[in-house]
file coords.pdb (PDB, C-alpha atoms and all ligand atoms)
ATOM      1  CA  MET I 233     -21.806   7.744  -3.488  1.00  0.00           C
ATOM      2  CA  ALA I 234     -18.098   7.658  -4.241  1.00  0.00           C
ATOM      3  CA  LYS I 235     -16.111   4.491  -3.721  1.00  0.00           C
ATOM      4  CA  LEU I 236     -13.199   3.283  -1.660  1.00  0.00           C
ATOM      5  CA  TYR I 237     -10.761   1.601  -4.042  1.00  0.00           C
ATOM      6  CA  PHE I 238      -8.073  -0.906  -3.128  1.00  0.00           C
ATOM      7  CA  LYS I 239      -5.448  -1.366  -5.813  1.00  0.00           C
ATOM      8  CA  TYR I 240      -3.081  -3.982  -4.517  1.00  0.00           C
ATOM      9  CA  GLY I 241       0.017  -5.587  -5.911  1.00  0.00           C
ATOM     10  CA  ALA I 242       3.216  -7.289  -4.856  1.00  0.00           C
ATOM     11  CA  MET I 243       6.494  -5.472  -4.367  1.00  0.00           C
ATOM     12  CA  GLY I 244       7.782  -4.002  -7.584  1.00  0.00           C
ATOM     13  CA  SER I 245       4.384  -3.938  -9.289  1.00  0.00           C
ATOM     14  CA  SER I 246       4.699  -0.167  -9.802  1.00  0.00           C
ATOM     15  CA  LYS I 247       1.936   0.694  -7.331  1.00  0.00           C
ATOM     16  CA  THR I 248       3.569   3.958  -6.340  1.00  0.00           C
ATOM     17  CA  ALA I 249       4.187   4.970  -9.952  1.00  0.00           C
ATOM     18  CA  GLN I 250       0.551   4.227 -10.731  1.00  0.00           C
ATOM     19  CA  ALA I 251      -0.583   6.256  -7.736  1.00  0.00           C
ATOM     20  CA  LEU I 252       1.472   9.213  -8.944  1.00  0.00           C
ATOM     21  CA  ILE I 253       0.348   8.853 -12.566  1.00  0.00           C
ATOM     22  CA  THR I 254      -3.267   8.738 -11.366  1.00  0.00           C
ATOM     23  CA  ARG I 255      -2.627  11.912  -9.357  1.00  0.00           C
ATOM     24  CA  PHE I 256      -1.180  13.594 -12.438  1.00  0.00           C
ATOM     25  CA  ASN I 257      -4.187  12.603 -14.546  1.00  0.00           C
ATOM     26  CA  TYR I 258      -6.618  14.076 -12.015  1.00  0.00           C
ATOM     27  CA  ILE I 259      -4.628  17.315 -11.768  1.00  0.00           C
ATOM     28  CA  GLU I 260      -4.556  17.553 -15.549  1.00  0.00           C
ATOM     29  CA  MET I 261      -8.354  17.421 -15.505  1.00  0.00           C
ATOM     30  CA  GLY I 262      -8.386  20.352 -13.089  1.00  0.00           C
ATOM     31  CA  MET I 263      -9.195  18.273 -10.026  1.00  0.00           C
ATOM     32  CA  ARG I 264      -7.675  18.697  -6.588  1.00  0.00           C
ATOM     33  CA  VAL I 265      -5.875  15.699  -5.134  1.00  0.00           C
ATOM     34  CA  TRP I 266      -5.059  15.066  -1.495  1.00  0.00           C
ATOM     35  CA  LEU I 267      -2.037  12.760  -1.530  1.00  0.00           C
ATOM     36  CA  ILE I 268      -1.397  10.928   1.738  1.00  0.00           C
ATOM     37  CA  LYS I 269       0.781   8.169   3.123  1.00  0.00           C
ATOM     38  CA  PRO I 270       1.120   6.452   6.497  1.00  0.00           C
ATOM     39  CA  SER I 271       4.106   7.450   8.608  1.00  0.00           C
ATOM     40  CA  SER I 272       5.327   3.838   8.907  1.00  0.00           C
ATOM     41  CA  ASP I 273       6.752   4.239   5.451  1.00  0.00           C
ATOM     42  CA  THR I 274       9.769   6.457   5.895  1.00  0.00           C
ATOM     43  CA  ARG I 275      11.903   5.171   3.048  1.00  0.00           C
ATOM     44  CA  ASP I 276      11.805   8.404   1.108  1.00  0.00           C
ATOM     45  CA  GLY I 277      11.901  10.975   3.857  1.00  0.00           C
ATOM     46  CA  ALA I 278       8.973  12.376   5.706  1.00  0.00           C
ATOM     47  CA  ASP I 279       6.631  13.873   3.183  1.00  0.00           C
ATOM     48  CA  ILE I 280       7.579  12.703  -0.304  1.00  0.00           C
ATOM     49  CA  ILE I 281       6.113   9.828  -2.269  1.00  0.00           C
ATOM     50  CA  LYS I 282       8.684   8.544  -4.716  1.00  0.00           C
ATOM     51  CA  SER I 283       8.554   5.732  -7.246  1.00  0.00           C
ATOM     52  CA  ARG I 284      11.449   3.678  -8.551  1.00  0.00           C
ATOM     53  CA  ILE I 285      11.059   5.113 -12.038  1.00  0.00           C
ATOM     54  CA  GLY I 286      11.708   8.614 -10.734  1.00  0.00           C
ATOM     55  CA  LEU I 287       8.260  10.134 -10.236  1.00  0.00           C
ATOM     56  CA  SER I 288       7.700  11.924  -6.965  1.00  0.00           C
ATOM     57  CA  ALA I 289       5.228  14.245  -5.260  1.00  0.00           C
ATOM     58  CA  PRO I 290       4.753  15.835  -1.832  1.00  0.00           C
ATOM     59  CA  ALA I 291       2.317  14.054   0.452  1.00  0.00           C
ATOM     60  CA  ASP I 292       0.737  14.554   3.851  1.00  0.00           C
ATOM     61  CA  VAL I 293       1.958  12.015   6.367  1.00  0.00           C
ATOM     62  CA  ILE I 294      -0.677  10.260   8.472  1.00  0.00           C
ATOM     63  CA  ARG I 295       0.487   8.949  11.838  1.00  0.00           C
ATOM     64  CA  PRO I 296      -1.043   5.819  13.401  1.00  0.00           C
ATOM     65  CA  LYS I 297      -3.006   7.854  15.985  1.00  0.00           C
ATOM     66  CA  ASP I 298      -4.339  10.389  13.474  1.00  0.00           C
ATOM     67  CA  ASP I 299      -8.056  10.547  12.707  1.00  0.00           C
ATOM     68  CA  ILE I 300      -8.090  11.044   8.946  1.00  0.00           C
ATOM     69  CA  GLN I 301     -11.728  12.128   8.951  1.00  0.00           C
ATOM     70  CA  LYS I 302     -10.940  14.910  11.425  1.00  0.00           C
ATOM     71  CA  ILE I 303      -7.900  16.102   9.467  1.00  0.00           C
ATOM     72  CA  PHE I 304      -9.948  15.981   6.314  1.00  0.00           C
ATOM     73  CA  SER I 305     -12.912  17.926   7.658  1.00  0.00           C
ATOM     74  CA  LYS I 306     -10.681  20.616   9.130  1.00  0.00           C
ATOM     75  CA  ALA I 307      -8.142  21.249   6.437  1.00  0.00           C
ATOM     76  CA  GLN I 308      -8.891  19.379   3.276  1.00  0.00           C
ATOM     77  CA  ALA I 309     -12.610  19.111   2.718  1.00  0.00           C
ATOM     78  CA  LYS I 310     -12.989  22.252   0.674  1.00  0.00           C
ATOM     79  CA  ASN I 311      -9.876  21.585  -1.375  1.00  0.00           C
ATOM     80  CA  THR I 312     -10.187  17.980  -2.388  1.00  0.00           C
ATOM     81  CA  ASP I 313     -11.899  16.176  -5.247  1.00  0.00           C
ATOM     82  CA  VAL I 314     -10.084  12.875  -4.786  1.00  0.00           C
ATOM     83  CA  ILE I 315      -7.861  11.228  -2.175  1.00  0.00           C
ATOM     84  CA  ILE I 316      -4.922   9.071  -3.237  1.00  0.00           C
ATOM     85  CA  ALA I 317      -3.018   7.019  -0.648  1.00  0.00           C
ATOM     86  CA  ASP I 318       0.217   5.099  -1.120  1.00  0.00           C
ATOM     87  CA  GLU I 319       1.486   2.227   1.074  1.00  0.00           C
ATOM     88  CA  ALA I 320      -2.080   1.873   2.313  1.00  0.00           C
ATOM     89  CA  GLN I 321      -1.312  -1.452   4.021  1.00  0.00           C
ATOM     90  CA  PHE I 322       0.285   0.571   6.822  1.00  0.00           C
ATOM     91  CA  PHE I 323      -2.883   2.463   7.750  1.00  0.00           C
ATOM     92  CA  THR I 324      -4.648   1.143  10.835  1.00  0.00           C
ATOM     93  CA  PRO I 325      -7.995  -0.613  10.300  1.00  0.00           C
ATOM     94  CA  GLU I 326      -9.645   2.389  11.985  1.00  0.00           C
ATOM     95  CA  GLN I 327      -8.071   4.726   9.434  1.00  0.00           C
ATOM     96  CA  ILE I 328      -9.386   2.584   6.576  1.00  0.00           C
ATOM     97  CA  ASP I 329     -12.846   2.950   8.146  1.00  0.00           C
ATOM     98  CA  GLN I 330     -12.313   6.720   8.244  1.00  0.00           C
ATOM     99  CA  LEU I 331     -11.328   6.801   4.569  1.00  0.00           C
ATOM    100  CA  HIS I 332     -14.417   4.774   3.729  1.00  0.00           C
ATOM    101  CA  GLU I 333     -16.620   7.193   5.636  1.00  0.00           C
ATOM    102  CA  ILE I 334     -15.144  10.079   3.652  1.00  0.00           C
ATOM    103  CA  ALA I 335     -15.858   8.283   0.362  1.00  0.00           C
ATOM    104  CA  VAL I 336     -19.442   7.532   1.363  1.00  0.00           C
ATOM    105  CA  TRP I 337     -20.507  10.740   3.099  1.00  0.00           C
ATOM    106  CA  GLU I 338     -18.328  13.384   1.438  1.00  0.00           C
ATOM    107  CA  ASP I 339     -18.756  11.724  -1.946  1.00  0.00           C
ATOM    108  CA  ILE I 340     -15.004  11.798  -2.569  1.00  0.00           C
ATOM    109  CA  PRO I 341     -13.306   8.843  -4.254  1.00  0.00           C
ATOM    110  CA  VAL I 342     -10.502   7.354  -2.148  1.00  0.00           C
ATOM    111  CA  LEU I 343      -7.867   5.387  -4.039  1.00  0.00           C
ATOM    112  CA  CYS I 344      -5.650   3.213  -1.851  1.00  0.00           C
ATOM    113  CA  PHE I 345      -2.547   1.614  -3.341  1.00  0.00           C
ATOM    114  CA  GLY I 346      -0.722  -1.014  -1.311  1.00  0.00           C
ATOM    115  CA  LEU I 347       0.382  -4.525  -0.566  1.00  0.00           C
ATOM    116  CA  ARG I 348      -2.056  -7.300   0.199  1.00  0.00           C
ATOM    117  CA  THR I 349       0.187  -9.586   2.250  1.00  0.00           C
ATOM    118  CA  ASP I 350       3.482  -9.532   4.145  1.00  0.00           C
ATOM    119  CA  PHE I 351       6.536 -11.788   3.634  1.00  0.00           C
ATOM    120  CA  MET I 352       4.771 -14.627   5.494  1.00  0.00           C
ATOM    121  CA  LEU I 353       1.725 -14.306   3.209  1.00  0.00           C
ATOM    122  CA  HIS I 354      -0.443 -12.845   5.951  1.00  0.00           C
ATOM    123  CA  LEU I 355      -2.675  -9.836   5.370  1.00  0.00           C
ATOM    124  CA  PHE I 356      -1.573  -6.513   6.804  1.00  0.00           C
ATOM    125  CA  PRO I 357      -4.279  -5.224   9.201  1.00  0.00           C
ATOM    126  CA  GLY I 358      -4.918  -2.244   6.909  1.00  0.00           C
ATOM    127  CA  SER I 359      -5.141  -4.471   3.849  1.00  0.00           C
ATOM    128  CA  ARG I 360      -7.593  -6.758   5.603  1.00  0.00           C
ATOM    129  CA  ARG I 361      -9.888  -3.821   6.325  1.00  0.00           C
ATOM    130  CA  LEU I 362      -9.523  -2.613   2.730  1.00  0.00           C
ATOM    131  CA  LEU I 363     -10.537  -6.044   1.413  1.00  0.00           C
ATOM    132  CA  GLU I 364     -13.527  -5.960   3.757  1.00  0.00           C
ATOM    133  CA  LEU I 365     -14.724  -2.455   2.905  1.00  0.00           C
ATOM    134  CA  ALA I 366     -13.544  -1.416  -0.551  1.00  0.00           C
ATOM    135  CA  GLU I 367     -16.243  -1.067  -3.195  1.00  0.00           C
ATOM    136  CA  SER I 368     -13.624  -1.722  -5.870  1.00  0.00           C
ATOM    137  CA  ILE I 369     -10.698  -4.121  -5.578  1.00  0.00           C
ATOM    138  CA  THR I 370      -8.205  -4.534  -8.394  1.00  0.00           C
ATOM    139  CA  GLU I 371      -4.880  -6.261  -8.702  1.00  0.00           C
ATOM    140  CA  ILE I 372      -1.812  -4.573 -10.159  1.00  0.00           C
ATOM    141  CA  LYS I 373       0.052  -7.497 -11.618  1.00  0.00           C
ATOM    142  CA  THR I 374       3.735  -8.204 -11.798  1.00  0.00           C
ATOM    143  CA  ILE I 375       5.657 -11.307 -12.791  1.00  0.00           C
ATOM    144  CA  CYS I 376       8.082 -13.646 -11.075  1.00  0.00           C
ATOM    145  CA  GLN I 377      11.475 -14.424 -12.613  1.00  0.00           C
ATOM    146  CA  CYS I 378       9.928 -17.654 -14.002  1.00  0.00           C
ATOM    147  CA  GLY I 379       7.202 -15.773 -15.848  1.00  0.00           C
ATOM    148  CA  SER I 380       4.303 -16.717 -13.558  1.00  0.00           C
ATOM    149  CA  LYS I 381       2.340 -14.101 -11.698  1.00  0.00           C
ATOM    150  CA  ALA I 382       4.166 -12.952  -8.570  1.00  0.00           C
ATOM    151  CA  THR I 383       1.966 -12.973  -5.481  1.00  0.00           C
ATOM    152  CA  CYS I 384       4.530 -13.326  -2.662  1.00  0.00           C
ATOM    153  CA  ASN I 385       6.699 -10.600  -1.184  1.00  0.00           C
ATOM    154  CA  VAL I 386       9.754 -12.643  -0.338  1.00  0.00           C
ATOM    155  CA  ARG I 387      11.984 -11.121   2.329  1.00  0.00           C
ATOM    156  CA  PHE I 388      15.699 -11.794   2.222  1.00  0.00           C
ATOM    157  CA  SER I 389      18.049 -11.289   5.138  1.00  0.00           C
ATOM    158  CA  LYS I 390      21.354  -9.488   4.770  1.00  0.00           C
ATOM    159  CA  ASP I 391      23.084 -12.808   4.022  1.00  0.00           C
ATOM    160  CA  GLY I 392      20.637 -13.631   1.246  1.00  0.00           C
ATOM    161  CA  LYS I 393      18.406 -16.119   3.074  1.00  0.00           C
ATOM    162  CA  VAL I 394      14.643 -16.215   2.628  1.00  0.00           C
ATOM    163  CA  GLU I 395      13.085 -15.155   5.917  1.00  0.00           C
ATOM    164  CA  THR I 396      10.172 -17.280   7.088  1.00  0.00           C
ATOM    165  CA  GLU I 397       9.571 -15.684  10.473  1.00  0.00           C
ATOM    166  CA  GLY I 398      10.006 -12.338  12.213  1.00  0.00           C
ATOM    167  CA  GLU I 399       8.301  -8.994  12.601  1.00  0.00           C
ATOM    168  CA  GLN I 400       5.762  -8.024   9.944  1.00  0.00           C
ATOM    169  CA  VAL I 401       7.394  -4.638   9.444  1.00  0.00           C
ATOM    170  CA  VAL I 402      11.090  -4.061  10.046  1.00  0.00           C
ATOM    171  CA  LEU I 403      11.893  -0.394   9.824  1.00  0.00           C
ATOM    172  CA  GLY I 404      15.397   0.563   8.886  1.00  0.00           C
ATOM    173  CA  GLY I 405      16.389  -3.076   8.494  1.00  0.00           C
ATOM    174  CA  ASN I 406      18.890  -4.382   5.994  1.00  0.00           C
ATOM    175  CA  GLU I 407      16.587  -6.934   4.435  1.00  0.00           C
ATOM    176  CA  THR I 408      15.422  -6.712   0.841  1.00  0.00           C
ATOM    177  CA  TYR I 409      12.245  -7.845  -0.828  1.00  0.00           C
ATOM    178  CA  LYS I 410      11.499  -9.538  -4.124  1.00  0.00           C
ATOM    179  CA  ALA I 411       8.176 -10.398  -5.694  1.00  0.00           C
ATOM    180  CA  MET I 412       7.969 -14.072  -6.623  1.00  0.00           C
ATOM    181  CA  CYS I 413       5.387 -16.766  -7.358  1.00  0.00           C
ATOM    182  CA  TYR I 414       4.564 -19.171  -4.532  1.00  0.00           C
ATOM    183  CA  LYS I 415       6.349 -22.086  -6.190  1.00  0.00           C
ATOM    184  CA  CYS I 416       9.645 -20.249  -6.695  1.00  0.00           C
ATOM    185  CA  MET I 417       9.520 -18.987  -3.115  1.00  0.00           C
ATOM    186  CA  GLN I 418       8.888 -22.486  -1.737  1.00  0.00           C
ATOM    187  CA  THR I 419      11.657 -23.924  -3.941  1.00  0.00           C
ATOM    188  CA  LEU I 420      14.114 -21.478  -2.395  1.00  0.00           C
ATOM    189  CA  ILE I 421      12.934 -22.277   1.127  1.00  0.00           C
ATOM    190  CA  ARG I 422      13.226 -26.039   0.526  1.00  0.00           C
ATOM    191  CA  LYS I 423      16.762 -25.687  -0.835  1.00  0.00           C
ATOM    192  CA  GLN I 424      17.629 -23.563   2.159  1.00  0.00           C
ATOM    193  CA  ASN I 425      16.262 -26.188   4.555  1.00  0.00           C
ATOM    194  CA  GLN I 426      18.253 -28.980   2.907  1.00  0.00           C
ATOM    195  CA  LYS I 427      21.577 -27.323   3.648  1.00  0.00           C
TER     196      LYS I 427
HETATM  197 ZN    ZN I 501       8.149 -18.176 -10.154  1.00  0.00          ZN
END
call {"tool": "encode", "arguments": {"input": "coords.pdb", "output": "structure tokens"}}
result
Amino acid sequence: MAKLYFKYGAMGSSKTAQALITRFNYIEMGMRVWLIKPSSDTRDGADIIKSRIGLSAPADVIRPKDDIQKIFSKAQAKNTDVIIADEAQFFTPEQIDQLHEIAVWEDIPVLCFGLRTDFMLHLFPGSRRLLELAESITEIKTICQCGSKATCNVRFSKDGKVETEGEQVVLGGNETYKAMCYKCMQTLIRKQNQK
């Protein structure tokens, strides 16, 4: 059977670029790729996946209520050798189950790229399900400004403060994110609390 893959990394670890490079490599081998992304990610317009280094490709947008297995069996099944998903943390747990079913029963590899945890270091629901179900889990590494591995997605408010509470996903907000190691993040928070 084919596998469900979870390739996770912090912000800025080039997950999207790697998803698009992987897509390119499959296409170069003559294989058909179904590129998808959850609708919660609207940064780059509705149906484009775009990386910071300039790669981009059209993608099908999956809404939270969509049944991916149904969409797949209707439209995609005959035209797909591999499924690649970006921002996979935003899929619902049910949708991760659906992707897993496709991998197992349709024998189609499903490669999910995404974040493991949010700015409070809690798993996204989709990421939790991926960690539970994926046959292959790999980390895409990136480094903190201090040189250690970055594992935290630190969220900064508009006035430059590290946010330690709030909604898991803020759409259209003004906050920015930076990948840091736990120690550097905590150092910032402690300094902030001393003021
Ligand atoms: Zn650090």
call {"tool": "closest_atom_pairs", "arguments": {"input": "coords.pdb", "of": "chain I", "to": "ligand ZN 501 (chain I)", "cutoff": "6 Å", "atoms": "only C-alpha atoms and all ligand atoms", "output": "CSV"}}
result
residue,atom,partner,partner_atom,distance
I:Cys376,CA,I:ZN501,ZN,4.6
I:Gln377,CA,I:ZN501,ZN,5.6
I:Cys378,CA,I:ZN501,ZN,4.3
I:Ser380,CA,I:ZN501,ZN,5.3
I:Met412,CA,I:ZN501,ZN,5.4
I:Cys413,CA,I:ZN501,ZN,4.2
I:Lys415,CA,I:ZN501,ZN,5.9
I:Cys416,CA,I:ZN501,ZN,4.3
call {"tool": "closest_residue", "arguments": {"input": "coords.pdb", "among": "I:Asp329, I:Ile340, I:Arg295, I:Lys302", "to": "Trp266 (chain I)", "atoms": "all atoms listed in the file"}}
result
I:Ile340
call {"tool": "atom_distance", "arguments": {"input": "coords.pdb", "atom1": "CA of Ser283 (chain I)", "atom2": "CA of Ala320 (chain I)"}}
result
14.8 Å
call {"tool": "closest_residue", "arguments": {"input": "coords.pdb", "among": "I:Lys269, I:Lys247, I:Lys306, I:Lys393", "to": "Met417 (chain I)", "atoms": "all atoms listed in the file"}}
result
I:Lys393
call {"tool": "residues_around", "arguments": {"input": "coords.pdb", "residues": "Ala289 (chain I)", "least_positions_apart": "5", "cutoff": "10 Å", "atoms": "all atoms listed in the file", "output": "ChimeraX atom specification"}}
result
/I:252,255-256,267,279-283
call {"tool": "resolve_selection", "arguments": {"input": "coords.pdb", "expression": "the PyMOL selection byres (((chain I and resi 390) around 7) and not hetatm)", "output": "MDAnalysis selection string"}}
result
chainID I and resid 388:389 391:392 406:407
call {"tool": "residues_near_point", "arguments": {"input": "coords.pdb", "point": "(6.0, -10.9, 12.0)", "cutoff": "10 Å", "atoms": "all atoms listed in the file", "output": "NGL selection string"}}
result
:I and (350-352 or 354 or 396-402)
call {"tool": "resolve_selection", "arguments": {"input": "coords.pdb", "expression": "the PyMOL selection byres (((chain I and resi 372) around 9) and not hetatm)", "output": "mmCIF file with C-alpha atoms, in the frame of the given file"}}
result
data_model
loop_
_atom_site.group_PDB
_atom_site.id
_atom_site.type_symbol
_atom_site.label_atom_id
_atom_site.label_comp_id
_atom_site.auth_asym_id
_atom_site.auth_seq_id
_atom_site.Cartn_x
_atom_site.Cartn_y
_atom_site.Cartn_z
ATOM 1 C CA LYS I 239 -5.448 -1.366 -5.813
ATOM 2 C CA TYR I 240 -3.081 -3.982 -4.517
ATOM 3 C CA GLY I 241 0.017 -5.587 -5.911
ATOM 4 C CA ALA I 242 3.216 -7.289 -4.856
ATOM 5 C CA SER I 245 4.384 -3.938 -9.289
ATOM 6 C CA SER I 246 4.699 -0.167 -9.802
ATOM 7 C CA LYS I 247 1.936 0.694 -7.331
ATOM 8 C CA THR I 370 -8.205 -4.534 -8.394
ATOM 9 C CA GLU I 371 -4.880 -6.261 -8.702
ATOM 10 C CA LYS I 373 0.052 -7.497 -11.618
ATOM 11 C CA THR I 374 3.735 -8.204 -11.798
#
call {"tool": "resolve_selection", "arguments": {"input": "coords.pdb", "expression": "the PyMOL selection byres (((chain I and resi 323) around 12) and not hetatm)", "output": "ChimeraX atom specification"}}
result
/I:268-273,293-300,317-322,324-331,344-347,356-362
call {"tool": "closest_residue", "arguments": {"input": "coords.pdb", "among": "I:Met243, I:Ile421, I:Ala335, I:Val314", "to": "Met261 (chain I)", "atoms": "only C-alpha atoms"}}
result
I:Val314
call {"tool": "closest_residue", "arguments": {"input": "coords.pdb", "among": "I:Asn311, I:Tyr237, I:Lys423, I:Asn257", "to": "Leu343 (chain I)", "atoms": "only C-alpha atoms"}}
result
I:Tyr237
call {"tool": "atom_distance", "arguments": {"input": "coords.pdb", "atom1": "CA of Ala382 (chain I)", "atom2": "CA of Thr419 (chain I)"}}
result
14.1 Å
call {"tool": "atom_distance", "arguments": {"input": "coords.pdb", "atom1": "CA of Ile315 (chain I)", "atom2": "CA of Arg348 (chain I)"}}
result
19.6 Å
call {"tool": "build_atoms", "arguments": {"input": "coords.pdb", "residues": "region 253-267 of chain I", "atoms": "N, CA and C atoms", "output": "compact mmCIF listing (two decimals), in the coordinates of the input"}}
result
# COMPACT_ATOMS: atom_id res chain seq x y z
N ILE I 253 0.89 8.59 -11.23
CA ILE I 253 0.35 8.85 -12.57
C ILE I 253 -1.14 9.20 -12.46
N THR I 254 -1.84 8.46 -11.59
CA THR I 254 -3.27 8.74 -11.37
C THR I 254 -3.45 10.16 -10.84
N ARG I 255 -2.58 10.54 -9.90
CA ARG I 255 -2.63 11.91 -9.36
C ARG I 255 -2.45 12.92 -10.49
N PHE I 256 -1.45 12.68 -11.33
CA PHE I 256 -1.18 13.59 -12.44
C PHE I 256 -2.40 13.73 -13.35
N ASN I 257 -3.02 12.58 -13.65
CA ASN I 257 -4.19 12.60 -14.55
C ASN I 257 -5.33 13.42 -13.96
N TYR I 258 -5.56 13.28 -12.66
CA TYR I 258 -6.62 14.08 -12.02
C TYR I 258 -6.29 15.57 -12.07
N ILE I 259 -5.03 15.90 -11.77
CA ILE I 259 -4.63 17.32 -11.77
C ILE I 259 -4.78 17.90 -13.16
N GLU I 260 -4.44 17.09 -14.16
CA GLU I 260 -4.56 17.55 -15.55
C GLU I 260 -6.01 17.87 -15.91
N MET I 261 -6.93 17.17 -15.27
CA MET I 261 -8.35 17.42 -15.50
C MET I 261 -8.88 18.56 -14.64
N GLY I 262 -7.98 19.22 -13.91
CA GLY I 262 -8.39 20.35 -13.09
C GLY I 262 -8.92 19.96 -11.74
N MET I 263 -8.67 18.72 -11.32
CA MET I 263 -9.20 18.27 -10.03
C MET I 263 -8.12 18.37 -8.94
N ARG I 264 -8.59 18.52 -7.72
CA ARG I 264 -7.68 18.70 -6.59
C ARG I 264 -7.48 17.37 -5.86
N VAL I 265 -6.22 17.00 -5.71
CA VAL I 265 -5.88 15.70 -5.13
C VAL I 265 -5.25 15.89 -3.76
N TRP I 266 -5.73 15.13 -2.79
CA TRP I 266 -5.06 15.07 -1.50
C TRP I 266 -4.25 13.78 -1.46
N LEU I 267 -2.93 13.91 -1.50
CA LEU I 267 -2.04 12.76 -1.53
C LEU I 267 -1.56 12.48 -0.11
